[in-house]
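Quick look at protein05.csv (CSV, C-alpha atoms and all ligand atoms):
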chain,number,residue,atom,x,y,z
A,1,MET,CA,27.7,-16.7,1.0
A,2,LYS,CA,29.0,-14.5,-1.8
A,3,ILE,CA,26.3,-13.0,-4.1
A,4,ASN,CA,28.6,-11.0,-6.4
A,5,GLU,CA,32.0,-9.2,-6.1
A,6,LYS,CA,30.5,-6.5,-3.7
A,7,ILE,CA,27.7,-8.3,-1.9
A,8,PHE,CA,27.6,-11.1,0.6
A,9,ALA,CA,24.6,-12.8,2.3
A,10,THR,CA,23.5,-14.8,5.3
A,11,LYS,CA,20.5,-17.0,5.1
A,12,ILE,CA,18.3,-19.1,7.5
A,13,MET,CA,15.0,-20.7,6.8
A,14,LEU,CA,12.0,-19.3,8.9
A,15,SER,CA,9.8,-22.2,7.7
A,16,ASP,CA,10.0,-24.9,5.0
A,17,THR,CA,9.5,-22.4,2.3
A,18,ILE,CA,10.4,-18.9,3.6
A,19,PRO,CA,14.0,-17.9,3.8
A,20,LEU,CA,15.4,-14.9,5.7
A,21,TYR,CA,18.4,-13.1,4.2
A,22,THR,CA,20.6,-10.3,5.5
A,23,TYR,CA,23.2,-8.7,3.3
A,24,LEU,CA,26.6,-7.0,3.5
A,25,VAL,CA,27.9,-4.5,0.9
A,26,LYS,CA,31.6,-4.3,0.8
A,27,GLY,CA,33.6,-1.2,0.0
A,28,LYS,CA,37.4,-0.6,0.1
A,29,ASP,CA,36.9,2.3,2.6
A,30,PHE,CA,34.1,0.7,4.7
A,31,SER,CA,31.3,-1.8,4.5
A,32,VAL,CA,27.6,-1.7,5.5
A,33,LEU,CA,25.2,-4.3,6.7
A,34,ILE,CA,21.6,-4.4,5.4
A,35,ASP,CA,19.2,-5.8,8.1
A,36,SER,CA,20.2,-7.8,11.1
A,37,GLY,CA,17.8,-10.8,10.9
A,38,ILE,CA,16.6,-12.4,14.1
A,39,SER,CA,18.7,-12.5,17.2
A,40,SER,CA,19.8,-16.1,16.6
A,41,MET,CA,21.5,-15.0,13.3
A,42,PHE,CA,24.1,-12.9,15.1
A,43,GLN,CA,27.0,-15.4,14.7
A,44,ASP,CA,26.0,-16.1,11.1
A,45,ILE,CA,26.3,-12.4,10.4
A,46,VAL,CA,29.7,-12.2,12.1
A,47,GLY,CA,30.6,-15.1,9.9
A,48,MET,CA,29.5,-13.2,6.8
A,49,VAL,CA,31.6,-10.2,7.8
A,50,GLU,CA,34.6,-12.5,8.2
A,51,GLU,CA,34.0,-14.3,4.9
A,52,SER,CA,33.8,-10.8,3.1
A,53,HIS,CA,37.2,-9.8,4.7
A,54,SER,CA,35.6,-6.4,5.6
A,55,THR,CA,37.7,-4.5,8.0
A,56,ASN,CA,35.5,-1.6,8.8
A,57,VAL,CA,31.7,-2.3,9.1
A,58,ARG,CA,30.5,1.2,9.8
A,59,ILE,CA,26.7,1.2,9.3
A,60,LEU,CA,23.9,-1.2,9.8
A,61,PHE,CA,20.8,-0.3,7.8
A,62,ASN,CA,17.4,-1.6,8.9
A,63,THR,CA,15.1,-1.7,5.8
A,64,HIS,CA,12.1,-1.5,8.2
A,65,PRO,CA,11.6,-2.1,11.9
A,66,HIS,CA,10.0,-5.6,11.9
A,67,ALA,CA,11.5,-8.1,14.3
A,68,ASP,CA,13.1,-10.3,11.6
A,69,HIS,CA,15.0,-7.3,10.2
A,70,ILE,CA,16.3,-5.7,13.5
A,71,GLY,CA,16.9,-8.8,15.7
A,72,SER,CA,20.7,-8.6,16.0
A,73,ASN,CA,21.0,-4.8,16.1
A,74,LYS,CA,22.2,-4.6,19.7
A,75,ASN,CA,24.9,-7.3,19.5
A,76,LEU,CA,26.1,-6.0,16.1
A,77,LYS,CA,26.3,-2.5,17.4
A,78,THR,CA,28.3,-3.6,20.4
A,79,LYS,CA,30.7,-5.8,18.3
A,80,TYR,CA,31.4,-3.4,15.4
A,81,ASP,CA,30.7,-0.1,17.1
A,82,LEU,CA,28.6,0.8,14.0
A,83,LEU,CA,25.9,3.3,13.4
A,84,VAL,CA,22.3,2.0,13.2
A,85,ALA,CA,20.4,3.7,10.3
A,86,ALA,CA,16.7,3.2,9.7
A,87,PRO,CA,13.8,4.8,7.8
A,88,ILE,CA,12.4,8.0,9.3
A,89,GLY,CA,9.4,7.1,11.5
A,90,SER,CA,10.7,3.7,12.4
A,91,GLU,CA,13.0,4.8,15.3
A,92,ARG,CA,10.8,4.1,18.3
A,93,TRP,CA,9.9,0.6,17.0
A,94,ILE,CA,13.7,-0.2,17.2
A,95,GLU,CA,14.5,1.6,20.4
A,96,ASP,CA,11.5,0.7,22.6
A,97,MET,CA,10.5,-2.9,22.7
A,98,GLU,CA,7.3,-2.3,24.7
A,99,TYR,CA,6.2,0.2,22.0
A,100,HIS,CA,7.2,-2.3,19.3
A,101,TYR,CA,5.0,-5.0,20.8
A,102,GLU,CA,2.0,-2.7,21.2
A,103,GLN,CA,2.2,-1.3,17.7
A,104,PHE,CA,2.8,-4.6,16.0
A,105,CYS,CA,0.8,-7.1,17.9
A,106,LEU,CA,-2.1,-5.1,19.4
A,107,PRO,CA,-3.6,-3.1,16.5
A,108,PHE,CA,-7.1,-3.8,17.9
A,109,PRO,CA,-6.7,-5.2,21.5
A,110,GLU,CA,-10.5,-5.5,21.8
A,111,ILE,CA,-10.4,-8.1,19.0
A,112,LEU,CA,-7.0,-9.7,19.6
A,113,PRO,CA,-6.0,-9.0,23.2
A,114,HIS,CA,-2.6,-9.2,24.7
A,115,SER,CA,-1.0,-12.7,25.0
A,116,ASP,CA,2.1,-13.4,27.0
A,117,ASP,CA,3.0,-16.2,24.5
A,118,THR,CA,2.8,-13.8,21.5
A,119,LYS,CA,4.7,-11.1,23.3
A,120,GLN,CA,7.5,-13.6,24.3
A,121,GLU,CA,7.6,-15.0,20.8
A,122,ILE,CA,7.9,-11.6,19.0
A,123,LEU,CA,10.3,-9.9,21.5
A,124,GLY,CA,12.3,-13.1,21.6
A,125,LEU,CA,13.3,-12.6,18.0
A,126,MET,CA,15.2,-9.5,19.0
A,127,ASP,CA,18.2,-8.9,21.2
A,128,GLY,CA,16.8,-5.8,22.7
A,129,GLY,CA,16.3,-2.2,21.8
A,130,SER,CA,19.1,-0.2,20.2
A,131,LYS,CA,19.4,3.5,19.5
A,132,VAL,CA,18.8,4.6,15.9
A,133,ASP,CA,21.8,6.9,15.0
A,134,LEU,CA,20.7,7.9,11.5
A,135,SER,CA,17.1,8.5,10.2
A,136,VAL,CA,17.1,7.8,6.5
A,137,SER,CA,14.9,9.1,3.7
A,138,GLU,CA,15.1,8.8,-0.1
A,139,GLY,CA,18.1,9.9,-2.1
A,140,LEU,CA,20.9,9.3,0.4
A,141,THR,CA,24.2,8.3,-1.3
A,142,ILE,CA,26.6,6.2,0.6
A,143,THR,CA,30.1,6.1,-0.9
A,144,LEU,CA,31.9,2.9,0.2
A,145,ASP,CA,34.8,3.6,-2.1
A,146,PRO,CA,35.0,5.7,-5.3
A,147,LYS,CA,33.5,2.8,-7.3
A,148,THR,CA,31.0,1.5,-4.9
A,149,GLN,CA,27.9,3.6,-4.2
A,150,LEU,CA,24.6,2.8,-2.6
A,151,THR,CA,21.5,5.0,-3.1
A,152,THR,CA,18.5,4.8,-0.8
A,153,PHE,CA,14.8,4.7,-1.9
A,154,THR,CA,11.7,4.7,0.1
A,155,PHE,CA,9.2,1.8,-0.5
A,156,PRO,CA,6.3,2.2,1.9
A,157,GLY,CA,3.2,0.0,1.9
A,158,HIS,CA,4.1,-3.2,3.8
A,159,MET,CA,5.0,-0.8,6.6
A,160,LEU,CA,4.6,3.0,6.5
A,161,TYR,CA,8.4,3.3,6.6
A,162,GLU,CA,10.6,1.1,4.5
A,163,ILE,CA,13.8,1.7,2.5
A,164,GLY,CA,15.7,-0.2,-0.1
A,165,PHE,CA,18.9,0.3,-2.1
A,166,ILE,CA,20.6,0.2,-5.5
A,167,GLU,CA,24.3,-0.8,-5.5
A,168,HIS,CA,25.3,0.9,-8.8
A,169,SER,CA,28.5,-0.9,-9.7
A,170,THR,CA,26.9,-4.3,-9.8
A,171,ASN,CA,23.4,-3.0,-10.8
A,172,THR,CA,21.9,-4.7,-7.8
A,173,LEU,CA,18.5,-3.8,-6.1
A,174,ILE,CA,18.5,-4.7,-2.4
A,175,LEU,CA,15.1,-4.9,-0.6
A,176,GLY,CA,13.7,-6.0,2.7
A,177,ASP,CA,10.0,-6.7,2.7
A,178,ALA,CA,9.0,-4.2,0.0
A,179,ILE,CA,8.0,-7.5,-1.8
A,180,THR,CA,6.1,-9.5,0.9
A,181,VAL,CA,5.6,-13.2,0.9
A,182,TYR,CA,2.3,-13.9,-1.0
A,183,GLU,CA,1.9,-17.6,-0.4
A,184,ALA,CA,2.0,-18.5,3.3
A,185,GLY,CA,-0.3,-19.7,6.0
A,186,PHE,CA,-0.5,-16.1,7.4
A,187,PHE,CA,-0.7,-12.6,5.9
A,188,PRO,CA,2.7,-10.8,6.3
A,189,GLY,CA,0.4,-7.8,5.9
A,190,HIS,CA,0.6,-4.3,4.5
A,191,LEU,CA,-0.5,-1.1,6.3
A,192,SER,CA,-1.4,0.9,3.2
A,193,PRO,CA,-2.7,-0.8,0.0
A,194,ARG,CA,-2.5,2.6,-1.7
A,195,GLN,CA,1.1,3.2,-0.8
A,196,TYR,CA,1.9,-0.4,-1.6
A,197,ARG,CA,0.5,-0.1,-5.1
A,198,ALA,CA,2.6,3.1,-5.6
A,199,THR,CA,5.7,1.2,-4.4
A,200,LEU,CA,5.1,-1.6,-6.8
A,201,LYS,CA,4.8,1.0,-9.7
A,202,LYS,CA,8.0,2.6,-8.5
A,203,LEU,CA,9.8,-0.7,-8.4
A,204,ALA,CA,8.5,-1.5,-11.9
A,205,ASP,CA,9.7,1.9,-13.2
A,206,LEU,CA,13.1,1.4,-11.6
A,207,ASN,CA,13.4,-2.0,-13.1
A,208,ARG,CA,12.6,-0.6,-16.6
A,209,GLU,CA,15.2,2.1,-16.1
A,210,HIS,CA,18.0,-0.1,-14.7
A,211,HIS,CA,17.0,-3.7,-15.8
A,212,PHE,CA,18.6,-5.0,-12.6
A,213,THR,CA,21.3,-7.6,-12.9
A,214,GLN,CA,20.4,-9.0,-9.5
A,215,VAL,CA,17.4,-8.4,-7.2
A,216,LEU,CA,17.9,-9.3,-3.5
A,217,THR,CA,15.1,-9.5,-1.0
A,218,ALA,CA,14.7,-10.7,2.6
A,219,HIS,CA,12.3,-13.5,1.9
A,220,PHE,CA,12.8,-14.7,-1.7
A,221,GLU,CA,15.8,-16.4,-3.4
A,222,PRO,CA,18.1,-13.9,-5.3
A,223,THR,CA,16.5,-13.1,-8.6
A,224,ASP,CA,16.9,-10.7,-11.6
A,225,ALA,CA,14.8,-8.1,-13.5
A,226,GLU,CA,12.5,-10.8,-14.9
A,227,GLY,CA,12.0,-12.3,-11.5
A,228,LEU,CA,11.2,-8.9,-10.0
A,229,ASN,CA,8.5,-8.3,-12.6
A,230,TYR,CA,7.0,-11.7,-11.7
A,231,LEU,CA,7.0,-10.9,-8.0
A,232,LEU,CA,5.4,-7.5,-8.6
A,233,HIS,CA,2.6,-9.1,-10.6
A,234,LYS,CA,2.0,-11.6,-7.8
A,235,ILE,CA,1.7,-8.8,-5.2
A,236,HIS,CA,-0.6,-6.7,-7.4
A,237,TYR,CA,-2.9,-9.8,-7.6
A,238,LEU,CA,-2.8,-10.3,-3.8
A,239,ILE,CA,-3.8,-6.7,-3.1
A,240,ASP,CA,-6.6,-7.0,-5.6
A,241,GLU,CA,-7.7,-10.3,-4.3
A,242,ILE,CA,-8.0,-8.9,-0.8
A,243,ASP,CA,-10.2,-6.0,-2.1
A,244,TRP,CA,-12.4,-8.4,-4.1
A,245,THR,CA,-12.7,-10.8,-1.1
A,246,ILE,CA,-13.8,-8.0,1.3
A,247,HIS,CA,-16.3,-6.7,-1.3
A,248,GLN,CA,-17.8,-10.2,-1.8
A,249,ILE,CA,-18.0,-10.8,2.0
A,250,LEU,CA,-20.1,-7.6,2.4
A,251,VAL,CA,-22.3,-8.5,-0.6
A,252,ASP,CA,-22.9,-12.1,0.7
A,253,ALA,CA,-23.6,-10.9,4.2
A,254,GLY,CA,-26.5,-8.7,3.0
A,255,GLU,CA,-26.1,-6.6,6.2
A,256,PRO,CA,-23.4,-4.3,7.6
A,257,LEU,CA,-20.5,-6.0,9.3
A,258,SER,CA,-17.9,-4.9,11.8
A,259,LEU,CA,-14.1,-5.4,11.4
A,260,GLU,CA,-13.9,-8.7,13.3
A,261,PRO,CA,-16.2,-10.8,11.1
A,262,ILE,CA,-14.8,-9.3,7.9
A,263,TRP,CA,-11.2,-10.0,9.0
A,264,LYS,CA,-12.1,-13.6,10.0
A,265,SER,CA,-14.0,-14.2,6.8
A,266,VAL,CA,-11.0,-12.9,4.7
A,267,CYS,CA,-8.7,-15.3,6.5
A,268,ASP,CA,-11.2,-18.2,6.0
A,269,ARG,CA,-11.8,-17.5,2.3
A,270,MET,CA,-8.1,-17.0,1.5
A,271,GLY,CA,-6.8,-19.8,3.8
A,272,ARG,CA,-4.8,-17.8,6.3
A,273,ILE,CA,-4.7,-18.0,10.1
A,274,TYR,CA,-6.3,-15.3,12.3
A,275,GLU,CA,-3.4,-13.1,13.3
A,276,PHE,CA,-2.6,-9.5,14.2
A,277,ARG,CA,-0.8,-8.8,10.9
A,278,GLY,CA,-3.8,-9.8,8.8
A,279,LEU,CA,-6.1,-7.9,11.2
A,280,ALA,CA,-4.2,-4.6,10.7
A,281,MET,CA,-4.1,-5.3,6.9
A,282,VAL,CA,-7.8,-5.9,6.5
A,283,HIS,CA,-8.5,-2.7,8.5
A,284,ALA,CA,-6.2,-0.8,6.2
A,285,HIS,CA,-8.1,-2.1,3.1
A,286,LEU,CA,-11.4,-1.1,4.7
A,287,LYS,CA,-10.1,2.3,5.6
A,288,GLU,CA,-8.9,3.1,2.1
A,289,ALA,CA,-12.0,1.6,0.5
A,290,VAL,CA,-14.1,4.0,2.6
A,291,GLN,CA,-11.9,6.9,1.7
A,292,ASP,CA,-12.3,6.0,-2.0
A,293,GLY,CA,-16.1,5.6,-1.7
A,294,ARG,CA,-16.1,1.9,-2.6
A,295,ILE,CA,-17.4,0.9,0.9
A,296,LEU,CA,-19.7,2.8,3.2
A,297,GLN,CA,-19.0,3.1,6.9
A,298,ALA,CA,-21.5,3.9,9.7
A,299,GLY,CA,-19.9,3.8,13.1
A,300,ASP,CA,-18.1,0.5,13.5
A,301,LEU,CA,-20.0,-1.1,10.6
A,302,TYR,CA,-19.1,-1.5,6.9
A,303,MET,CA,-21.4,-2.1,4.0
A,304,VAL,CA,-21.6,-1.9,0.2
A,305,ASN,CA,-23.9,0.2,-1.8
B,401,FE,FE,8.3,-6.9,7.4
B,402,FE,FE,10.4,-9.8,7.0
What is this file in structure tokens?
Amino acid sequence: MKINEKIFATKIMLSDTIPLYTYLVKGKDFSVLIDSGISSMFQDIVGMVEESHSTNVRILFNTHPHADHIGSNKNLKTKYDLLVAAPIGSERWIEDMEYHYEQFCLPFPEILPHSDDTKQEILGLMDGGSKVDLSVSEGLTITLDPKTQLTTFTFPGHMLYEIGFIEHSTNTLILGDAITVYEAGFFPGHLSPRQYRATLKKLADLNREHHFTQVLTAHFEPTDAEGLNYLLHKIHYLIDEIDWTIHQILVDAGEPLSLEPIWKSVCDRMGRIYEFRGLAMVHAHLKEAVQDGRILQAGDLYMVN
């Protein structure tokens, strides 16, 4: 589908309420893809390239190395002979599927051990590992033609390495999961609440500066500057709510608790399933709360003052 004169999209539904978008930015000299979805989206993405009448698809950017953003890398690389570009630090997640599984699904194997079903489910979303040709940081300018320029920004928090883009001629902000789904049966997770809050502030600052005409994300319908502010507010609340919930769990327990009961209790109280993404996220909240002196840690146990 066409978003505006420069940008095209493909969309599938991951569930009743959660879409997954990938994008193409078209220039006269060459075009770029932003994210490759899951492996089953390959033909849809080829269809998007055809709809856009792009003749030279030169780069595929992965906003971050989660399975639903890199799933068709290998097939797209083969079909278009393009370069794969991804944020610095994310390379091995994209190139080495065993490493991807271990890093993503086994953050604490003593709590959530290996499962063949989970491994097949996650690795099945991707068409295999592919080499990362360009490691991207903030401030890269990609000139698709003299009037069409993309600039890269780093937006860590959800993962420790994530990038997004501004397409200047249409004043469009393009993100992957820098804004995560906040109402779902699972936690999409964030690996650093502190970095995530800084990313939200950065997005709010950019939005004030540019007042974006369109804001495109992987898992929300296309929106605008107002819509972005609403999403930022929702994510701020989610991060705060997780901190408050952890604190209350420790107060209610009246004794020190380890990671596992804290994580399960956060899931129960906030109505989410027990899953590796939420486990890594709760650990990140605990780690930063200990660093900030809000929670005390003794060995494997956490407590409040
Ligand atoms: Fe993600
Ligand atoms: Fe995602």
Taking only C-alpha atoms and all ligand atoms into account, produce a table as JSON lines in which each residue of chain A with an atom at most 9 Å from an atom of ligand FE 402 (chain B) appears once, together with its shortest atom pair and the distance in Å to one decimal, ordered by chain and rising number.
{"residue": "A:Leu20", "atom": "CA", "partner": "B:FE402", "partner_atom": "FE", "distance": 7.3}
{"residue": "A:Gly37", "atom": "CA", "partner": "B:FE402", "partner_atom": "FE", "distance": 8.4}
{"residue": "A:His64", "atom": "CA", "partner": "B:FE402", "partner_atom": "FE", "distance": 8.6}
{"residue": "A:His66", "atom": "CA", "partner": "B:FE402", "partner_atom": "FE", "distance": 6.5}
{"residue": "A:Ala67", "atom": "CA", "partner": "B:FE402", "partner_atom": "FE", "distance": 7.6}
{"residue": "A:Asp68", "atom": "CA", "partner": "B:FE402", "partner_atom": "FE", "distance": 5.4}
{"residue": "A:His69", "atom": "CA", "partner": "B:FE402", "partner_atom": "FE", "distance": 6.1}
{"residue": "A:Gly176", "atom": "CA", "partner": "B:FE402", "partner_atom": "FE", "distance": 6.6}
{"residue": "A:Asp177", "atom": "CA", "partner": "B:FE402", "partner_atom": "FE", "distance": 5.3}
{"residue": "A:Thr180", "atom": "CA", "partner": "B:FE402", "partner_atom": "FE", "distance": 7.5}
{"residue": "A:Val181", "atom": "CA", "partner": "B:FE402", "partner_atom": "FE", "distance": 8.5}
{"residue": "A:Pro188", "atom": "CA", "partner": "B:FE402", "partner_atom": "FE", "distance": 7.8}
{"residue": "A:Ala218", "atom": "CA", "partner": "B:FE402", "partner_atom": "FE", "distance": 6.2}
{"residue": "A:His219", "atom": "CA", "partner": "B:FE402", "partner_atom": "FE", "distance": 6.6}
Checklist entry - How many Å separate CA of Phe153 in chain A from CA of Ser137 in chain A? => result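 Atom-to-atom, CA of Phe153 in chain A to CA of Ser137 in chain A, that is 7.1 Å.
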Please provide the set of residues having any atom within 7 Å of range 156-164 of chain A, restricted to all atoms listed in the file, with same-chain residues fewer than 4 positions apart removed, written as a PDB file with C-alpha atoms, keeping the file's coordinate frame.
ATOM      1  CA  THR A  63      15.100  -1.700   5.800  1.00  0.00           C
ATOM      2  CA  HIS A  64      12.100  -1.500   8.200  1.00  0.00           C
ATOM      3  CA  PRO A  87      13.800   4.800   7.800  1.00  0.00           C
ATOM      4  CA  ILE A  88      12.400   8.000   9.300  1.00  0.00           C
ATOM      5  CA  GLY A  89       9.400   7.100  11.500  1.00  0.00           C
ATOM      6  CA  SER A  90      10.700   3.700  12.400  1.00  0.00           C
ATOM      7  CA  THR A 152      18.500   4.800  -0.800  1.00  0.00           C
ATOM      8  CA  ILE A 174      18.500  -4.700  -2.400  1.00  0.00           C
ATOM      9  CA  LEU A 175      15.100  -4.900  -0.600  1.00  0.00           C
ATOM     10  CA  GLY A 176      13.700  -6.000   2.700  1.00  0.00           C
ATOM     11  CA  ASP A 177      10.000  -6.700   2.700  1.00  0.00           C
ATOM     12  CA  ALA A 178       9.000  -4.200   0.000  1.00  0.00           C
ATOM     13  CA  GLY A 189       0.400  -7.800   5.900  1.00  0.00           C
ATOM     14  CA  HIS A 190       0.600  -4.300   4.500  1.00  0.00           C
ATOM     15  CA  LEU A 191      -0.500  -1.100   6.300  1.00  0.00           C
ATOM     16  CA  SER A 192      -1.400   0.900   3.200  1.00  0.00           C
ATOM     17  CA  PRO A 193      -2.700  -0.800   0.000  1.00  0.00           C
ATOM     18  CA  GLN A 195       1.100   3.200  -0.800  1.00  0.00           C
ATOM     19  CA  TYR A 196       1.900  -0.400  -1.600  1.00  0.00           C
ATOM     20  CA  THR A 199       5.700   1.200  -4.400  1.00  0.00           C
TER      21      THR A 199
END
Item to check | Distance criterion (all atoms listed in the file): nearest to ligand FE 401 (chain B) out of A:Asn62, A:Thr245, A:Thr148, A:Asn171 | outcome: A:Asn62
Checklist entry - A:Ala289, A:Ile111, A:Met126, A:Leu83: which is nearest Ile38 in chain A, counting only C-alpha atoms? => result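 Checking each candidate against Ile38 in chain A, we get A:Met126 as the closest.
Within 12 Å of Ile273 in chain A, once only C-alpha atoms are used and residues closer than 3 positions along the same chain are dropped, the contacting residues are A:Ala184, A:Gly185, A:Phe186, A:Phe187, A:Pro188, A:Trp263, A:Lys264, A:Ser265, A:Val266, A:Cys267, A:Asp268, A:Arg269, A:Met270, A:Phe276, A:Arg277, A:Gly278, A:Leu279.
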Next on the checklist: Set the distance at 8 Å and use all atoms listed in the file: which residues neighbour range 226-230 of chain A once local chain neighbours fewer than 6 positions away are removed? I'd like the list as a PyMOL selection string.
Outcome noted: chain A and resi 204+207+215
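With only C-alpha atoms taken into account, the protein and nucleic acid residues at most 10 Å from Lys77 in chain A (excluding it and anything under 3 positions from it in its own chain) are Val57, Arg58, Ile59, Leu60, Ser72, Asn73, Lys74, Tyr80, Asp81, Leu82, Leu83, Val84, Ser130 and Lys131 of chain A.
Nearest to Leu125 in chain A of all the residues A:Leu200, A:Val32, A:Leu14, A:Ile179 is A:Leu14, counting only C-alpha atoms.
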